[in-house]
There are 2 protein chains.
Amino acid sequence: MLDEAARSETRVWFETLRDRICRSLELLEDAFAGEDAASLSPGRFAYERWERAGGGGGVMGTMRGRVFEKVGVNVSTVMGSFTPEFAKSIPGAATDGAFWASGISLVAHPRSPHVPPVHMNTRHIQTTKAWFGGGADLNPIRPDAEDTAAFHAALERACAPHGAESYPRFKAWADEYFFLPHRNEHRGVGGIFFDYLEDDFARDFRLVQDVGMAFLDVYPKIVVRHMDRPWTAEDRAYQLERRGRYVEFNLLYDRGTQFGLKTGGNTEAILMSLPPVVSWP
Amino acid sequence: MLDEAARSETRVWFETLRDRICRSLELLEDAFAGEDAASLSPGRFAYERWERAGGGGGVMGTMRGRVFEKVGVNVSTVMGSFTPEFAKSIPGAATDGAFWASGISLVAHPRSPHVPPVHMNTRHIQTTKAWFGGGADLNPIRPDAEDTAAFHAALERACAPHGAESYPRFKAWADEYFFLPHRNEHRGVGGIFFDYLEDDFARDFRLVQDVGMAFLDVYPKIVVRHMDRPWTAEDRAYQLERRGRYVEFNLLYDRGTQFGLKTGGNTEAILMSLPPVVSWP
C-alpha cells in the first residue's frame, strides 16, 4: 500500500506534536523554582537532523535542563527495504520488504527523583499493509497514587472515541509489554500499548492524535506537582538504581530499540532513551 | 553424554580458580597506595550462595573496594532441561534438552579510569555432546599499548599447547564477537573467545586451565601499573560514558547473559557484570 496522503498527514502530525511538546517542556524549565533554581539555567531543546543511509532520516531533539536531566524527542520518517531476515517478522513485508515509517518518540528523565520519568511514542508504518502503533507509560521512582490515576485517566479519555474496548485492551497490552521477566517486575506503573491497528485509518489516526494530546495535557501537570520538592542523597541513589531497570528493559526487550538498531536507524537517536546517569550498585 | 568425572574435575577447577583470583584481587586492594588510600578500607569479597529452581546453583562473589569499584566472580554449576525453544540453539540438545553446565565468570570494574576493566569466563557444558567455551577481553577506557601487548601475549602463551592455530583463531573470534554493530565499534582491545571445543577433553580442559592461569598472571600486573595514578574529573566522566558501551554489549549481544537469563539463572549474578555507575550523557 502506497498511501501518500496518509504519509503526509501522519508525518505532519508527528512534527506538530513534537513542537508542542518541546515548547511545553521548556515552559516547565522556566517555571522551575526548586532550591537550586537560581544557579541553573532553564533548559532549551537542541535539534540535530540526521539522514538514514537507506532512505529518510529524522530530527533528534534533546534537552538537558534543570527539571529534565535529559529528555529526547525524536521524529523520524524512514523508508527503504527491510533485510529479508527482518522482513519475516513484519506484517505485510514477507514477500515485499519495502517499507515507510514515520513516528515520534519521547523519553524524559527528570533530575528530581520525585518527578516520574515517562515514555510516549506513536508511529505509522506502511508495508504492503499499513498500521499505527504506539504507547505511553509512566515510570515513577516511587509510585504516587494520584499521578498514576491521573496518567491512566488521561489515556482512558484518549482511547474512548476509539471504542469502549480499546482502553482496557491497550492497558492490558502495556502491562504485558512493559515487563522484565528476568526481574519478574513491571516497568513503571503502566499506561497503554498498541500495535498493528489497521482497521480504519481515520479512527486509528485519531487515537494516535488523542494519545499525543492526552500526554501533552497530563504529563506537565504531574511534573509541576513534584518538581520543586527537595530530595535527599538516598532518593537520588535509589533513582539511579531504578534507572538501571529502564536500561535493562530498553536493551533487552524494547521492540522500538530492536527495530531501530536493525533497520540502520540513528544509534544516537535510538539510545537517547537511556538515562543520563545510572547505577547497578 | 554423562561424564561424571569430567563434571567433577571441571567444577573443582572453576572453584579453585575462583579462590585464587579472589585472593589475588584482595591483595591488590591491600597494596593500593593512591591518594585516598588512607580514607578507604581495602575491599574484601563477600560470597552469596544461590540455588536454581530447575537444578543446581552457584556462588556469587562480589567486592566493592578501593581499587575495584565493583568486581563480580561467579561460579555456577547448573543442570536440568532446556525449554524446547531454547534447546534448538544448543548443540546436542535438539532432541534431548537435558544439560549440565559449570563455569566461572569474572568482570572487574576498577575505580580508576586508568585501570582497565576486564572480563574472563570459561565453562564446560554437557548435553548429548560435551564442550568447553570461554574467553577473556580487556576493556581499557583509553587503550595503553603496553597493557594490550601484555594481555595478548599472556593469552597467546596459554593457547600455545592447544596448537599453533588456536591463538590466532580465538583472537579473531574475539574480534568478531566483542563488537557492537550499532556503534561500529569493538568492545575494548580484544582478547580471545572460543566455544564448542569438543575434540579432546584433556587438551581442551588444559586450555581452559591455562587461560585461567594466564589471566591470574597478567591482569594483576596491569592493575599494579596504573592503580596509584591520580585522575581528573574529565577522566572519570569519560570512564562512565565508556562503561555505557559495556552495558550495551552485555544486554544487546552477550551470549552468556542471554543464556543465563533464558535458563532461569540468577539475575543478580548474571547482571553483576554491569558497571556500578554509568552515563549516557
# chains A, B, ... in the order shown; residues from 1 in each chain; ligands from 1

$ residues_around --residues "Leu274 of chain B" --least-positions-apart "3" --cutoff "8 Å" --atoms "only C-alpha atoms" --output "PyMOL selection string"
(chain A and resi 280) or (chain B and resi 246-247+250+271)

$ write_last_selection --atoms "all heavy atoms" --output "short mmCIF file (atom, residue, chain, number, x, y, z; two decimals), in the first residue's frame"
data_model
loop_
_atom_site.label_atom_id
_atom_site.label_comp_id
_atom_site.auth_asym_id
_atom_site.auth_seq_id
_atom_site.Cartn_x
_atom_site.Cartn_y
_atom_site.Cartn_z
N TRP A 280 24.25 0.33 38.87
CA TRP A 280 23.97 -1.06 39.28
C TRP A 280 24.87 -1.29 40.49
O TRP A 280 26.00 -1.73 40.33
CB TRP A 280 24.30 -2.04 38.15
CG TRP A 280 23.27 -2.08 37.06
CD1 TRP A 280 22.15 -2.86 37.03
CD2 TRP A 280 23.26 -1.33 35.82
NE1 TRP A 280 21.45 -2.63 35.87
CE2 TRP A 280 22.10 -1.71 35.12
CE3 TRP A 280 24.11 -0.37 35.26
CZ2 TRP A 280 21.78 -1.17 33.88
CZ3 TRP A 280 23.79 0.17 34.04
CH2 TRP A 280 22.64 -0.22 33.35
N TYR B 246 29.84 -0.93 27.51
CA TYR B 246 29.91 -2.25 28.12
C TYR B 246 28.49 -2.77 28.41
O TYR B 246 28.16 -3.92 28.14
CB TYR B 246 30.73 -2.18 29.41
CG TYR B 246 31.27 -3.52 29.83
CD1 TYR B 246 32.49 -3.98 29.35
CD2 TYR B 246 30.55 -4.35 30.67
CE1 TYR B 246 32.97 -5.23 29.70
CE2 TYR B 246 31.02 -5.59 31.04
CZ TYR B 246 32.23 -6.03 30.55
OH TYR B 246 32.70 -7.27 30.90
N VAL B 247 27.65 -1.89 28.95
CA VAL B 247 26.26 -2.25 29.21
C VAL B 247 25.54 -2.60 27.91
O VAL B 247 24.83 -3.61 27.83
CB VAL B 247 25.52 -1.10 29.93
CG1 VAL B 247 24.04 -1.43 30.08
CG2 VAL B 247 26.15 -0.81 31.28
N ASN B 250 26.60 -6.05 26.73
CA ASN B 250 26.12 -7.18 27.55
C ASN B 250 24.62 -7.41 27.41
O ASN B 250 24.18 -8.55 27.36
CB ASN B 250 26.49 -6.98 29.02
CG ASN B 250 27.91 -7.46 29.28
OD1 ASN B 250 28.73 -7.50 28.36
ND2 ASN B 250 28.19 -7.86 30.50
N LEU B 271 23.71 -10.22 36.06
CA LEU B 271 23.85 -8.79 35.81
C LEU B 271 24.90 -8.14 36.72
O LEU B 271 25.08 -6.91 36.67
CB LEU B 271 22.50 -8.09 35.90
CG LEU B 271 21.48 -8.59 34.86
CD1 LEU B 271 20.18 -7.80 34.95
CD2 LEU B 271 22.02 -8.51 33.43
#

$ residues_around --residues "segment 17-30 of chain B" --least-positions-apart "4" --cutoff "9 Å" --atoms "only C-alpha atoms" --output "list in words"
Val12, Trp13, Ser41, Pro42, Gly43, Arg44, Phe45, Gly61, Met63, Gly65, Arg66, Val67, Phe68, Val73, Asn74, Val75, Ile104, Ser105, Leu106, Gln209, Gly212, Met213, Phe215, Leu216, Pro220, Val223, Val224 and Met227 of chain B

$ closest_atom_pairs --of "chain B" --to "chain A" --cutoff "12 Å" --atoms "only C-alpha atoms" --output "tab-separated table"
residue	atom	partner	partner_atom	distance
B:Thr62	CA	A:Pro281	CA	10.8
B:Met63	CA	A:Pro281	CA	11.0
B:Arg64	CA	A:Pro281	CA	9.1
B:Glu69	CA	A:Pro281	CA	9.5
B:Lys70	CA	A:Pro281	CA	8.0
B:Val71	CA	A:Pro281	CA	10.8
B:Gly72	CA	A:Pro281	CA	11.5
B:His109	CA	A:Trp280	CA	11.6
B:Leu180	CA	A:Leu261	CA	10.7
B:Pro181	CA	A:Leu261	CA	8.7
B:His182	CA	A:Leu261	CA	6.1
B:Arg183	CA	A:Thr267	CA	7.0
B:Asn184	CA	A:Thr267	CA	10.1
B:Ala237	CA	A:Val277	CA	10.5
B:Leu240	CA	A:Val277	CA	8.4
B:Glu241	CA	A:Val277	CA	9.2
B:Arg243	CA	A:Val278	CA	10.5
B:Gly244	CA	A:Val278	CA	9.3
B:Arg245	CA	A:Leu271	CA	11.1
B:Tyr246	CA	A:Leu251	CA	12.0
B:Val247	CA	A:Val247	CA	8.7
B:Glu248	CA	A:Leu251	CA	6.9
B:Phe249	CA	A:Leu251	CA	9.2
B:Asn250	CA	A:Leu251	CA	9.1
B:Leu251	CA	A:Leu252	CA	5.6
B:Leu252	CA	A:Leu251	CA	5.6
B:Tyr253	CA	A:Leu252	CA	9.0
B:Asp254	CA	A:Leu252	CA	10.5
B:Thr257	CA	A:Leu252	CA	10.0
B:Gln258	CA	A:Leu252	CA	9.0
B:Phe259	CA	A:His182	CA	11.8
B:Gly260	CA	A:His182	CA	9.6
B:Leu261	CA	A:His182	CA	6.1
B:Lys262	CA	A:His182	CA	8.3
B:Thr263	CA	A:His182	CA	10.1
B:Gly264	CA	A:His182	CA	7.9
B:Gly265	CA	A:His182	CA	8.9
B:Asn266	CA	A:His182	CA	8.7
B:Thr267	CA	A:His182	CA	6.2
B:Glu268	CA	A:Arg183	CA	9.0
B:Ala269	CA	A:His182	CA	11.6
B:Ile270	CA	A:His182	CA	10.0
B:Leu271	CA	A:Trp280	CA	8.5
B:Met272	CA	A:Trp280	CA	8.0
B:Ser273	CA	A:Trp280	CA	9.2
B:Leu274	CA	A:Trp280	CA	6.4
B:Pro275	CA	A:Trp280	CA	6.3
B:Pro276	CA	A:Trp280	CA	4.7
B:Val277	CA	A:Ser279	CA	4.3
B:Val278	CA	A:Val278	CA	5.2
B:Ser279	CA	A:Val277	CA	4.3
B:Trp280	CA	A:Pro276	CA	4.7
B:Pro281	CA	A:Pro276	CA	4.9

$ select_by_dssp --residues "segment 10-110 of chain B" --states "alpha helix (DSSP H)" --output "PyMOL selection string"
chain B and resi 10-31+84-87

$ residues_around --residues "Val211 of chain A" --least-positions-apart "6" --cutoff "8 Å" --atoms "only C-alpha atoms" --output "ChimeraX atom specification"
/A:155,158-159

$ select_by_dssp --residues "segment 103-246 of chain B" --states "strand (DSSP E)" --output "PyMOL selection string"
chain B and resi 103-110+118-126+130-138+179-180+185-186+191-197

$ residues_around --residues "Ala94 of chain B" --least-positions-apart "4" --cutoff "12 Å" --atoms "only C-alpha atoms" --output "number ranges by chain"
B: 81-90, 98-99, 127-129

$ write_last_selection --atoms "N, CA and C atoms" --output "PDB file, in the first residue's frame"
ATOM      1  N   SER B  81      16.808 -29.175  32.219  1.00  0.00           N
ATOM      2  CA  SER B  81      16.364 -29.396  30.860  1.00  0.00           C
ATOM      3  C   SER B  81      16.067 -28.042  30.231  1.00  0.00           C
ATOM      4  N   PHE B  82      16.632 -27.802  29.035  1.00  0.00           N
ATOM      5  CA  PHE B  82      16.338 -26.554  28.323  1.00  0.00           C
ATOM      6  C   PHE B  82      14.887 -26.549  27.880  1.00  0.00           C
ATOM      7  N   THR B  83      14.311 -25.366  27.766  1.00  0.00           N
ATOM      8  CA  THR B  83      12.994 -25.276  27.125  1.00  0.00           C
ATOM      9  C   THR B  83      13.176 -25.723  25.668  1.00  0.00           C
ATOM     10  N   PRO B  84      12.154 -26.350  25.078  1.00  0.00           N
ATOM     11  CA  PRO B  84      12.273 -26.839  23.695  1.00  0.00           C
ATOM     12  C   PRO B  84      12.730 -25.738  22.734  1.00  0.00           C
ATOM     13  N   GLU B  85      12.195 -24.527  22.907  1.00  0.00           N
ATOM     14  CA  GLU B  85      12.552 -23.398  22.050  1.00  0.00           C
ATOM     15  C   GLU B  85      14.048 -23.110  22.140  1.00  0.00           C
ATOM     16  N   PHE B  86      14.557 -22.997  23.366  1.00  0.00           N
ATOM     17  CA  PHE B  86      15.959 -22.647  23.571  1.00  0.00           C
ATOM     18  C   PHE B  86      16.872 -23.805  23.169  1.00  0.00           C
ATOM     19  N   ALA B  87      16.411 -25.051  23.391  1.00  0.00           N
ATOM     20  CA  ALA B  87      17.224 -26.237  23.097  1.00  0.00           C
ATOM     21  C   ALA B  87      17.661 -26.282  21.636  1.00  0.00           C
ATOM     22  N   LYS B  88      16.806 -25.741  20.755  1.00  0.00           N
ATOM     23  CA  LYS B  88      17.122 -25.750  19.314  1.00  0.00           C
ATOM     24  C   LYS B  88      18.454 -25.075  19.000  1.00  0.00           C
ATOM     25  N   SER B  89      18.811 -24.090  19.828  1.00  0.00           N
ATOM     26  CA  SER B  89      20.016 -23.316  19.525  1.00  0.00           C
ATOM     27  C   SER B  89      21.255 -23.875  20.226  1.00  0.00           C
ATOM     28  N   ILE B  90      21.111 -24.998  20.929  1.00  0.00           N
ATOM     29  CA  ILE B  90      22.227 -25.553  21.703  1.00  0.00           C
ATOM     30  C   ILE B  90      22.669 -26.888  21.091  1.00  0.00           C
ATOM     31  N   ALA B  98      18.228 -32.234  28.026  1.00  0.00           N
ATOM     32  CA  ALA B  98      18.946 -32.324  29.309  1.00  0.00           C
ATOM     33  C   ALA B  98      20.325 -31.687  29.195  1.00  0.00           C
ATOM     34  N   PHE B  99      20.718 -30.941  30.207  1.00  0.00           N
ATOM     35  CA  PHE B  99      22.043 -30.317  30.177  1.00  0.00           C
ATOM     36  C   PHE B  99      22.645 -30.260  31.569  1.00  0.00           C
ATOM     37  N   THR B 127      25.570 -31.756  27.012  1.00  0.00           N
ATOM     38  CA  THR B 127      24.199 -32.117  26.586  1.00  0.00           C
ATOM     39  C   THR B 127      24.366 -33.559  26.101  1.00  0.00           C
ATOM     40  N   THR B 128      23.845 -33.909  24.912  1.00  0.00           N
ATOM     41  CA  THR B 128      24.245 -35.206  24.347  1.00  0.00           C
ATOM     42  C   THR B 128      25.664 -35.076  23.805  1.00  0.00           C
ATOM     43  N   LYS B 129      26.138 -33.825  23.679  1.00  0.00           N
ATOM     44  CA  LYS B 129      27.542 -33.537  23.400  1.00  0.00           C
ATOM     45  C   LYS B 129      28.180 -32.954  24.666  1.00  0.00           C
TER      46      LYS B 129
END

$ atom_distance --atom1 "atom CA of Pro91 of chain A" --atom2 "atom CA of Ser166 of chain A"
21.1 Å

$ residues_around --residues "Tyr167 of chain B" --least-positions-apart "5" --cutoff "10 Å" --atoms "only C-alpha atoms" --output "VMD selection string"
chain B and resid 152 to 153 155 to 162 172 to 173 191 to 194

$ closest_residue --among "A:Asp195, A:Tyr238, A:His124, A:Gly80" --to "Arg169 of chain A" --atoms "only C-alpha atoms"
A:Asp195

$ decode --residues "segment 159-184 of chain B" --atoms "N, CA, C and O atoms" --output "PDB file, in the first residue's frame"
ATOM      1  N   CYS B 159      47.449 -20.356  24.952  1.00  0.00           N
ATOM      2  CA  CYS B 159      46.882 -21.122  23.832  1.00  0.00           C
ATOM      3  C   CYS B 159      47.907 -22.037  23.162  1.00  0.00           C
ATOM      4  O   CYS B 159      47.524 -22.994  22.473  1.00  0.00           O
ATOM      5  N   ALA B 160      49.202 -21.743  23.351  1.00  0.00           N
ATOM      6  CA  ALA B 160      50.248 -22.441  22.584  1.00  0.00           C
ATOM      7  C   ALA B 160      50.148 -23.971  22.675  1.00  0.00           C
ATOM      8  O   ALA B 160      50.193 -24.647  21.635  1.00  0.00           O
ATOM      9  N   PRO B 161      49.981 -24.547  23.897  1.00  0.00           N
ATOM     10  CA  PRO B 161      49.922 -26.015  23.954  1.00  0.00           C
ATOM     11  C   PRO B 161      48.705 -26.601  23.239  1.00  0.00           C
ATOM     12  O   PRO B 161      48.652 -27.799  22.973  1.00  0.00           O
ATOM     13  N   HIS B 162      47.725 -25.759  22.964  1.00  0.00           N
ATOM     14  CA  HIS B 162      46.487 -26.222  22.319  1.00  0.00           C
ATOM     15  C   HIS B 162      46.648 -26.300  20.800  1.00  0.00           C
ATOM     16  O   HIS B 162      45.716 -26.714  20.090  1.00  0.00           O
ATOM     17  N   GLY B 163      47.813 -25.926  20.297  1.00  0.00           N
ATOM     18  CA  GLY B 163      48.037 -25.962  18.849  1.00  0.00           C
ATOM     19  C   GLY B 163      48.288 -24.573  18.329  1.00  0.00           C
ATOM     20  O   GLY B 163      47.661 -23.607  18.787  1.00  0.00           O
ATOM     21  N   ALA B 164      49.199 -24.483  17.372  1.00  0.00           N
ATOM     22  CA  ALA B 164      49.639 -23.173  16.878  1.00  0.00           C
ATOM     23  C   ALA B 164      48.506 -22.368  16.258  1.00  0.00           C
ATOM     24  O   ALA B 164      48.538 -21.139  16.253  1.00  0.00           O
ATOM     25  N   GLU B 165      47.499 -23.058  15.755  1.00  0.00           N
ATOM     26  CA  GLU B 165      46.409 -22.328  15.088  1.00  0.00           C
ATOM     27  C   GLU B 165      45.408 -21.750  16.096  1.00  0.00           C
ATOM     28  O   GLU B 165      44.573 -20.925  15.731  1.00  0.00           O
ATOM     29  N   SER B 166      45.482 -22.180  17.361  1.00  0.00           N
ATOM     30  CA  SER B 166      44.425 -21.809  18.308  1.00  0.00           C
ATOM     31  C   SER B 166      44.402 -20.312  18.621  1.00  0.00           C
ATOM     32  O   SER B 166      43.350 -19.672  18.567  1.00  0.00           O
ATOM     33  N   TYR B 167      45.562 -19.748  18.964  1.00  0.00           N
ATOM     34  CA  TYR B 167      45.553 -18.338  19.362  1.00  0.00           C
ATOM     35  C   TYR B 167      45.042 -17.406  18.265  1.00  0.00           C
ATOM     36  O   TYR B 167      44.113 -16.620  18.515  1.00  0.00           O
ATOM     37  N   PRO B 168      45.606 -17.478  17.035  1.00  0.00           N
ATOM     38  CA  PRO B 168      45.062 -16.570  16.008  1.00  0.00           C
ATOM     39  C   PRO B 168      43.569 -16.789  15.761  1.00  0.00           C
ATOM     40  O   PRO B 168      42.825 -15.831  15.527  1.00  0.00           O
ATOM     41  N   ARG B 169      43.130 -18.037  15.856  1.00  0.00           N
ATOM     42  CA  ARG B 169      41.717 -18.327  15.633  1.00  0.00           C
ATOM     43  C   ARG B 169      40.857 -17.726  16.751  1.00  0.00           C
ATOM     44  O   ARG B 169      39.833 -17.089  16.500  1.00  0.00           O
ATOM     45  N   PHE B 170      41.289 -17.923  17.992  1.00  0.00           N
ATOM     46  CA  PHE B 170      40.484 -17.429  19.125  1.00  0.00           C
ATOM     47  C   PHE B 170      40.548 -15.911  19.234  1.00  0.00           C
ATOM     48  O   PHE B 170      39.615 -15.268  19.716  1.00  0.00           O
ATOM     49  N   LYS B 171      41.665 -15.347  18.815  1.00  0.00           N
ATOM     50  CA  LYS B 171      41.788 -13.882  18.811  1.00  0.00           C
ATOM     51  C   LYS B 171      40.839 -13.287  17.761  1.00  0.00           C
ATOM     52  O   LYS B 171      40.131 -12.306  18.016  1.00  0.00           O
ATOM     53  N   ALA B 172      40.812 -13.902  16.587  1.00  0.00           N
ATOM     54  CA  ALA B 172      39.913 -13.409  15.527  1.00  0.00           C
ATOM     55  C   ALA B 172      38.450 -13.577  15.956  1.00  0.00           C
ATOM     56  O   ALA B 172      37.604 -12.712  15.676  1.00  0.00           O
ATOM     57  N   TRP B 173      38.195 -14.672  16.664  1.00  0.00           N
ATOM     58  CA  TRP B 173      36.829 -14.940  17.146  1.00  0.00           C
ATOM     59  C   TRP B 173      36.410 -13.841  18.144  1.00  0.00           C
ATOM     60  O   TRP B 173      35.282 -13.358  18.126  1.00  0.00           O
ATOM     61  N   ALA B 174      37.356 -13.436  18.995  1.00  0.00           N
ATOM     62  CA  ALA B 174      37.076 -12.352  19.953  1.00  0.00           C
ATOM     63  C   ALA B 174      36.797 -11.040  19.225  1.00  0.00           C
ATOM     64  O   ALA B 174      35.877 -10.296  19.572  1.00  0.00           O
ATOM     65  N   ASP B 175      37.606 -10.768  18.189  1.00  0.00           N
ATOM     66  CA  ASP B 175      37.400  -9.528  17.427  1.00  0.00           C
ATOM     67  C   ASP B 175      36.009  -9.505  16.799  1.00  0.00           C
ATOM     68  O   ASP B 175      35.374  -8.457  16.699  1.00  0.00           O
ATOM     69  N   GLU B 176      35.566 -10.685  16.374  1.00  0.00           N
ATOM     70  CA  GLU B 176      34.242 -10.771  15.764  1.00  0.00           C
ATOM     71  C   GLU B 176      33.149 -10.692  16.834  1.00  0.00           C
ATOM     72  O   GLU B 176      32.122 -10.039  16.635  1.00  0.00           O
ATOM     73  N   TYR B 177      33.403 -11.361  17.962  1.00  0.00           N
ATOM     74  CA  TYR B 177      32.360 -11.453  18.999  1.00  0.00           C
ATOM     75  C   TYR B 177      32.198 -10.157  19.791  1.00  0.00           C
ATOM     76  O   TYR B 177      31.068  -9.690  19.997  1.00  0.00           O
ATOM     77  N   PHE B 178      33.307  -9.590  20.238  1.00  0.00           N
ATOM     78  CA  PHE B 178      33.231  -8.390  21.087  1.00  0.00           C
ATOM     79  C   PHE B 178      33.129  -7.147  20.207  1.00  0.00           C
ATOM     80  O   PHE B 178      34.047  -6.331  20.133  1.00  0.00           O
ATOM     81  N   PHE B 179      32.007  -7.031  19.538  1.00  0.00           N
ATOM     82  CA  PHE B 179      31.803  -5.975  18.562  1.00  0.00           C
ATOM     83  C   PHE B 179      30.377  -5.458  18.709  1.00  0.00           C
ATOM     84  O   PHE B 179      29.445  -6.234  18.916  1.00  0.00           O
ATOM     85  N   LEU B 180      30.214  -4.127  18.635  1.00  0.00           N
ATOM     86  CA  LEU B 180      28.900  -3.510  18.736  1.00  0.00           C
ATOM     87  C   LEU B 180      28.514  -2.990  17.354  1.00  0.00           C
ATOM     88  O   LEU B 180      28.930  -1.893  16.966  1.00  0.00           O
ATOM     89  N   PRO B 181      27.707  -3.763  16.602  1.00  0.00           N
ATOM     90  CA  PRO B 181      27.360  -3.346  15.234  1.00  0.00           C
ATOM     91  C   PRO B 181      26.714  -1.957  15.199  1.00  0.00           C
ATOM     92  O   PRO B 181      26.980  -1.178  14.285  1.00  0.00           O
ATOM     93  N   HIS B 182      25.865  -1.657  16.197  1.00  0.00           N
ATOM     94  CA  HIS B 182      25.140  -0.378  16.156  1.00  0.00           C
ATOM     95  C   HIS B 182      26.062   0.813  16.388  1.00  0.00           C
ATOM     96  O   HIS B 182      25.699   1.950  16.105  1.00  0.00           O
ATOM     97  N   ARG B 183      27.255   0.550  16.934  1.00  0.00           N
ATOM     98  CA  ARG B 183      28.243   1.618  17.123  1.00  0.00           C
ATOM     99  C   ARG B 183      29.359   1.500  16.100  1.00  0.00           C
ATOM    100  O   ARG B 183      30.211   2.395  16.027  1.00  0.00           O
ATOM    101  N   ASN B 184      29.406   0.363  15.409  1.00  0.00           N
ATOM    102  CA  ASN B 184      30.532   0.033  14.533  1.00  0.00           C
ATOM    103  C   ASN B 184      31.852   0.177  15.304  1.00  0.00           C
ATOM    104  O   ASN B 184      32.820   0.756  14.826  1.00  0.00           O
TER     105      ASN B 184
END
